[in-house]
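Text of the file start.cif, holding mmCIF, C-alpha atoms:
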data_protein
loop_
_atom_site.label_atom_id
_atom_site.label_comp_id
_atom_site.auth_asym_id
_atom_site.auth_seq_id
_atom_site.Cartn_x
_atom_site.Cartn_y
_atom_site.Cartn_z
CA MET B 22 11.90 86.81 -63.57
CA ASN B 23 9.10 85.29 -65.66
CA LEU B 24 6.55 82.56 -65.19
CA SER B 25 8.86 79.87 -66.54
CA GLN B 26 11.39 80.73 -63.83
CA CYS B 27 9.04 80.48 -60.89
CA GLN B 28 6.82 77.82 -59.46
CA LYS B 29 3.09 78.36 -60.01
CA PRO B 30 1.43 78.08 -56.58
CA ARG B 31 -1.39 75.61 -56.05
CA ASN B 32 -4.27 76.49 -53.77
CA LYS B 33 -2.28 79.44 -52.48
CA ILE B 34 -3.86 82.45 -50.83
CA ILE B 35 -1.48 85.39 -50.97
CA LEU B 36 -2.22 88.43 -48.81
CA ILE B 37 -0.52 91.73 -49.62
CA MET B 38 -0.83 94.09 -46.67
CA GLY B 39 0.51 97.59 -46.27
CA ALA B 40 -0.30 101.23 -45.70
CA PRO B 41 -2.34 103.32 -48.15
CA VAL B 42 -0.45 104.14 -51.36
CA SER B 43 2.40 101.74 -50.59
CA GLY B 44 2.10 100.07 -54.00
CA LYS B 45 -0.11 97.09 -53.12
CA SER B 46 -2.24 97.20 -56.27
CA ILE B 47 0.57 97.33 -58.84
CA ILE B 48 2.58 94.74 -56.89
CA SER B 49 -0.44 92.42 -56.83
CA TYR B 50 -1.08 92.84 -60.55
CA LYS B 51 2.52 92.14 -61.52
CA LEU B 52 2.76 89.25 -59.07
CA ALA B 53 -0.39 87.66 -60.51
CA MET B 54 1.08 87.88 -64.00
CA GLU B 55 4.33 86.26 -62.88
CA LEU B 56 2.63 83.44 -60.98
CA GLY B 57 -0.24 82.84 -63.38
CA ILE B 58 -2.86 83.64 -60.75
CA GLU B 59 -6.11 84.71 -62.35
CA GLN B 60 -7.88 86.26 -59.38
CA ILE B 61 -6.96 89.45 -57.54
CA ILE B 62 -9.27 90.93 -54.92
CA ASP B 63 -8.89 94.53 -53.77
CA THR B 64 -10.42 94.85 -50.31
CA ASP B 65 -11.53 98.39 -51.14
CA ILE B 66 -14.01 96.91 -53.62
CA ILE B 67 -15.53 94.94 -50.75
CA ARG B 68 -15.68 98.14 -48.71
CA GLY B 69 -17.43 99.88 -51.60
CA ILE B 70 -20.14 97.24 -51.59
CA LYS B 71 -20.50 97.62 -47.81
CA VAL B 72 -20.91 101.39 -48.25
CA ILE B 73 -23.88 100.77 -50.56
CA GLN B 74 -25.36 98.29 -48.10
CA GLU B 75 -24.77 100.49 -45.05
CA PRO B 76 -24.68 104.13 -46.23
CA LYS B 77 -25.05 105.47 -42.67
CA ASN B 78 -22.15 103.41 -41.29
CA GLN B 79 -19.58 106.12 -40.53
CA TYR B 80 -16.84 103.58 -39.88
CA VAL B 81 -16.95 102.14 -43.39
CA ASN B 82 -17.90 105.30 -45.27
CA THR B 83 -14.50 106.96 -44.86
CA TYR B 84 -10.82 106.30 -45.67
CA SER B 85 -8.28 104.38 -43.61
CA PHE B 86 -6.14 107.50 -43.27
CA LYS B 87 -9.09 109.75 -42.38
CA SER B 88 -10.84 107.47 -39.91
CA TRP B 89 -8.92 109.15 -37.09
CA GLU B 90 -11.43 112.02 -37.41
CA LEU B 91 -14.06 109.79 -35.79
CA PHE B 92 -11.97 109.65 -32.59
CA GLY B 93 -10.44 113.08 -32.18
CA LYS B 94 -9.33 116.38 -33.66
CA ASN B 95 -5.73 115.51 -34.46
CA GLN B 96 -3.70 112.79 -36.17
CA SER B 97 -2.26 111.39 -32.98
CA GLN B 98 -1.07 107.81 -33.05
CA LYS B 99 -3.89 106.82 -30.71
CA ASN B 100 -6.61 108.34 -32.89
CA VAL B 101 -5.10 107.00 -36.11
CA LEU B 102 -4.88 103.43 -34.81
CA LEU B 103 -8.31 103.50 -33.15
CA GLY B 104 -9.85 104.75 -36.38
CA TYR B 105 -7.96 102.27 -38.52
CA GLU B 106 -8.96 99.28 -36.39
CA LYS B 107 -12.64 100.25 -36.45
CA TYR B 108 -12.48 101.00 -40.18
CA SER B 109 -10.74 97.79 -41.20
CA GLU B 110 -12.78 95.43 -39.03
CA GLN B 111 -15.94 96.43 -40.91
CA ILE B 112 -15.18 93.92 -43.67
CA GLU B 113 -13.28 91.27 -41.69
CA LYS B 114 -16.06 88.71 -42.10
CA GLU B 115 -16.23 89.28 -45.85
CA ILE B 116 -12.47 88.83 -46.28
CA SER B 117 -12.50 85.67 -44.15
CA GLY B 118 -15.40 84.37 -46.24
CA ILE B 119 -13.56 84.95 -49.50
CA ILE B 120 -10.52 83.13 -48.15
CA LYS B 121 -12.68 80.22 -46.99
CA VAL B 122 -14.44 79.91 -50.36
CA ASN B 123 -11.22 79.99 -52.39
CA ASP B 124 -9.65 77.51 -49.99
CA SER B 125 -12.56 75.09 -50.37
CA LEU B 126 -12.45 75.41 -54.16
CA GLY B 127 -8.69 74.90 -54.25
CA LYS B 128 -8.15 78.18 -56.11
CA SER B 129 -5.21 80.50 -55.76
CA VAL B 130 -5.98 84.16 -55.15
CA ILE B 131 -4.18 87.38 -54.28
CA ILE B 132 -5.98 89.60 -51.79
CA GLU B 133 -4.58 93.07 -51.32
CA GLY B 134 -5.64 96.03 -49.29
CA VAL B 135 -5.23 98.18 -46.23
CA HIS B 136 -8.09 96.26 -44.58
CA LEU B 137 -5.76 93.31 -43.92
CA HIS B 138 -5.29 94.40 -40.34
CA PRO B 139 -3.33 92.77 -37.47
CA LYS B 140 -6.24 90.96 -35.79
CA LEU B 141 -7.29 89.32 -39.05
CA ILE B 142 -3.71 88.41 -39.98
CA GLY B 143 -3.24 86.88 -36.53
CA LYS B 144 -6.12 84.51 -37.20
CA LEU B 145 -4.79 83.49 -40.60
CA VAL B 146 -1.05 83.28 -40.00
CA LYS B 147 -1.19 79.61 -38.95
CA LYS B 148 -3.01 78.43 -42.09
CA ASN B 149 -0.54 76.50 -44.23
CA ASN B 150 -1.79 77.76 -47.59
CA VAL B 151 -1.95 81.44 -46.60
CA GLN B 152 1.15 83.51 -47.32
CA THR B 153 1.19 87.09 -46.11
CA VAL B 154 3.71 89.75 -47.02
CA CYS B 155 3.78 93.36 -45.87
CA LEU B 156 4.97 96.20 -48.06
CA SER B 157 6.94 99.04 -46.55
CA VAL B 158 7.94 102.37 -48.07
CA THR B 159 9.99 105.31 -46.88
CA SER B 160 8.47 108.75 -46.45
CA LYS B 161 10.08 109.89 -49.70
CA GLU B 162 8.73 106.90 -51.62
CA HIS B 163 5.31 107.41 -50.10
CA LYS B 164 5.18 110.97 -51.37
CA ARG B 165 6.33 109.80 -54.80
CA ASN B 166 3.60 107.16 -54.90
CA ILE B 167 0.96 109.70 -53.94
CA LEU B 168 2.01 112.08 -56.70
CA ASN B 169 2.06 109.23 -59.23
CA ARG B 170 -1.42 108.12 -58.20
CA LEU B 171 -2.79 111.64 -58.51
CA LYS B 172 -1.78 111.74 -62.16
CA GLU B 173 -4.46 109.10 -62.75
CA SER B 174 -7.01 110.42 -60.24
CA TYR B 175 -9.41 113.32 -59.82
CA GLN B 176 -8.24 113.85 -56.25
CA GLN B 177 -5.94 116.69 -55.29
CA PRO B 178 -2.57 116.29 -53.49
CA LYS B 179 -4.00 118.12 -50.48
CA PHE B 180 -6.41 115.20 -49.86
CA TYR B 181 -3.47 112.89 -49.12
CA PHE B 182 -0.88 115.28 -47.80
CA ASP B 183 -3.26 116.75 -45.21
CA ASN B 184 -3.39 113.22 -43.79
CA PHE B 185 0.21 112.24 -44.51
CA LYS B 186 1.06 111.84 -40.83
CA ALA B 187 -1.75 109.28 -40.49
CA ILE B 188 -0.60 107.44 -43.62
CA ARG B 189 2.90 107.15 -42.22
CA GLU B 190 1.60 106.01 -38.83
CA LEU B 191 -0.22 103.17 -40.60
CA ASN B 192 2.98 102.20 -42.42
CA TYR B 193 4.92 101.95 -39.13
CA PHE B 194 2.10 100.10 -37.40
CA LEU B 195 1.56 97.47 -40.10
CA VAL B 196 5.28 96.83 -40.56
CA ASP B 197 5.68 96.37 -36.79
CA CYS B 198 2.70 94.02 -36.77
CA ALA B 199 4.15 91.94 -39.59
CA ARG B 200 7.47 91.60 -37.80
CA LYS B 201 5.76 90.56 -34.56
CA HIS B 202 4.03 87.77 -36.49
CA HIS B 203 7.34 86.88 -38.20
CA LEU B 204 5.92 87.79 -41.59
CA PRO B 205 8.19 88.99 -44.40
CA VAL B 206 8.42 92.75 -44.86
CA ILE B 207 9.26 93.79 -48.42
CA GLU B 208 10.76 97.20 -49.05
CA ASN B 209 8.98 98.55 -52.12
CA LYS B 210 11.81 100.67 -53.48
CA ASP B 211 12.04 98.98 -56.85
CA LEU B 212 9.13 97.13 -58.46
CA LYS B 213 11.14 94.29 -60.04
CA ARG B 214 13.15 93.65 -56.89
CA ALA B 215 10.02 93.69 -54.74
CA ILE B 216 8.27 91.17 -57.01
CA SER B 217 11.35 88.95 -57.07
CA SER B 218 11.57 89.06 -53.26
CA ILE B 219 7.90 88.14 -52.85
CA ILE B 220 8.20 85.20 -55.27
CA LYS B 221 11.20 83.89 -53.32
CA VAL B 222 9.12 84.05 -50.14
CA ILE B 223 6.20 82.24 -51.75
CA ASN B 224 8.34 79.53 -53.34
CA GLY B 225 10.52 79.17 -50.26
#
Mind turning this structure into structure tokens?
Amino acid sequence: MNLSQCQKPRNKIILIMGAPVSGKSIISYKLAMELGIEQIIDTDIIRGIKVIQEPKNQYVNTYSFKSWELFGKNQSQKNVLLGYEKYSEQIEKEISGIIKVNDSLGKSVIIEGVHLHPKLIGKLVKKNNVQTVCLSVTSKEHKRNILNRLKESYQQPKFYFDNFKAIRELNYFLVDCARKHHLPVIENKDLKRAISSIIKVING
């Protein structure tokens, strides 16, 4: 599918939510190219700014899949979700502000990131010009994505695989949340099919 085959959205705010390393960044980039959207915002960039502003804030100066360490000694579901909620809510106001500004300017934007958490999505789901989709990947695909990312990163596989249980817990949690809000869940098995499915949702 190319731009001539799909309808360019007007004043559309597209949110791509999903677990760490589920393919949100590449999906967002390809989707922007297909739809002719010029602005993509990665919520981790916002978090990076917050880290500089609040270097002693332990809840922002970590990773979504390591924030469980602030609540316990193991990657239990309870610790993972407590850590994730506290971690992601640190930039909720900033994300809401970006959405409000783009909405007032009538500009389309894609916002992607693990910080698009259930409470925030619940507040936005009723806005007519906000379209949210959630990416989901299997355990096998998640491991593949991690290994592919590490080819372009200084980080070692151990950094992710030591916290793989937490990463998978976030995948299950966010997918369940999306379904409870009746939001589309896109299986990211094949990039072209995933993009095509998202465009159908947006144009539908």
(message) Once the PyMOL selection byres ((chain B and resi 184) around 10) is applied to the coordinates I shared, what remains selected? I want it as a ChimeraX atom specification.
(response) /B:86-87,89,95-96,179-183,185-189
(request) Kindly extract all protein, DNA and RNA residues lying within 6 Å of the coordinates (-4.6, 92.0, -60.4) given in the file, considering all atoms listed in the file, and supply them as a VMD selection string. (result) chain B and resid 49 to 50 61
(request) Mind giving me the straight-line distance from atom CA of B:Arg68 to atom CA of B:Thr83 in Å, one decimal? (result) 9.7 Å
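For the residues B:Gly69, B:Gly39, B:Gly225, B:Gly44, ranking by smallest atom-to-atom distance to B:Arg165 using all atoms listed in the file places B:Gly44 first.
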I need the residue set behind the PyMOL selection byres ((chain B and resi 111-120) around 8) for this file; please write it as an mmCIF file with C-alpha atoms, in the frame of the given file.
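So expr.cif came out as:
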data_model
loop_
_atom_site.group_PDB
_atom_site.id
_atom_site.type_symbol
_atom_site.label_atom_id
_atom_site.label_comp_id
_atom_site.auth_asym_id
_atom_site.auth_seq_id
_atom_site.Cartn_x
_atom_site.Cartn_y
_atom_site.Cartn_z
ATOM 1 C CA ILE B 34 -3.860 82.450 -50.830
ATOM 2 C CA THR B 64 -10.420 94.850 -50.310
ATOM 3 C CA ILE B 67 -15.530 94.940 -50.750
ATOM 4 C CA ARG B 68 -15.680 98.140 -48.710
ATOM 5 C CA LYS B 71 -20.500 97.620 -47.810
ATOM 6 C CA TYR B 80 -16.840 103.580 -39.880
ATOM 7 C CA VAL B 81 -16.950 102.140 -43.390
ATOM 8 C CA LYS B 107 -12.640 100.250 -36.450
ATOM 9 C CA TYR B 108 -12.480 101.000 -40.180
ATOM 10 C CA SER B 109 -10.740 97.790 -41.200
ATOM 11 C CA GLU B 110 -12.780 95.430 -39.030
ATOM 12 C CA LYS B 121 -12.680 80.220 -46.990
ATOM 13 C CA VAL B 122 -14.440 79.910 -50.360
ATOM 14 C CA ASN B 123 -11.220 79.990 -52.390
ATOM 15 C CA ASP B 124 -9.650 77.510 -49.990
ATOM 16 C CA HIS B 136 -8.090 96.260 -44.580
ATOM 17 C CA LEU B 141 -7.290 89.320 -39.050
#
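Straight-line separation from atom CA of B:Val154 to atom CA of B:Gln60: 17.3 Å.
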(message) For the provided coordinates, the residues matched by the PyMOL selection byres ((chain B and resi 40-43) around 8) should be stated as a VMD selection string.
(response) chain B and resid 38 to 39 44 to 45 85 to 86 135 156 to 158 163 166 to 167 170 188 to 189 191 to 192 195 209
(request) Anything within 12 Å of (-2.2, 84.9, -65.2): list those residues as an MDAnalysis selection string, counting only C-alpha atoms and sticking to the file's coordinates. (result) chainID B and resid 23:24 29:30 49:61 129:131
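Distance annotation: of B:Lys128, B:Phe92, B:Lys99, B:Gly143, the residue with the minimal separation from B:Gln79 is B:Phe92; atom set is only C-alpha atoms.
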Once 3 Å is added on each side, what are the centre and the three edge lengths, in Å to one decimal, of the axis-aligned box enclosing the listed atoms of stretch 119-138 of chain B? Present them as AutoDock Vina command-line options.
--center_x -9.3 --center_y 86.5 --center_z -48.2 --size_x 16.3 --size_y 29.3 --size_z 21.8
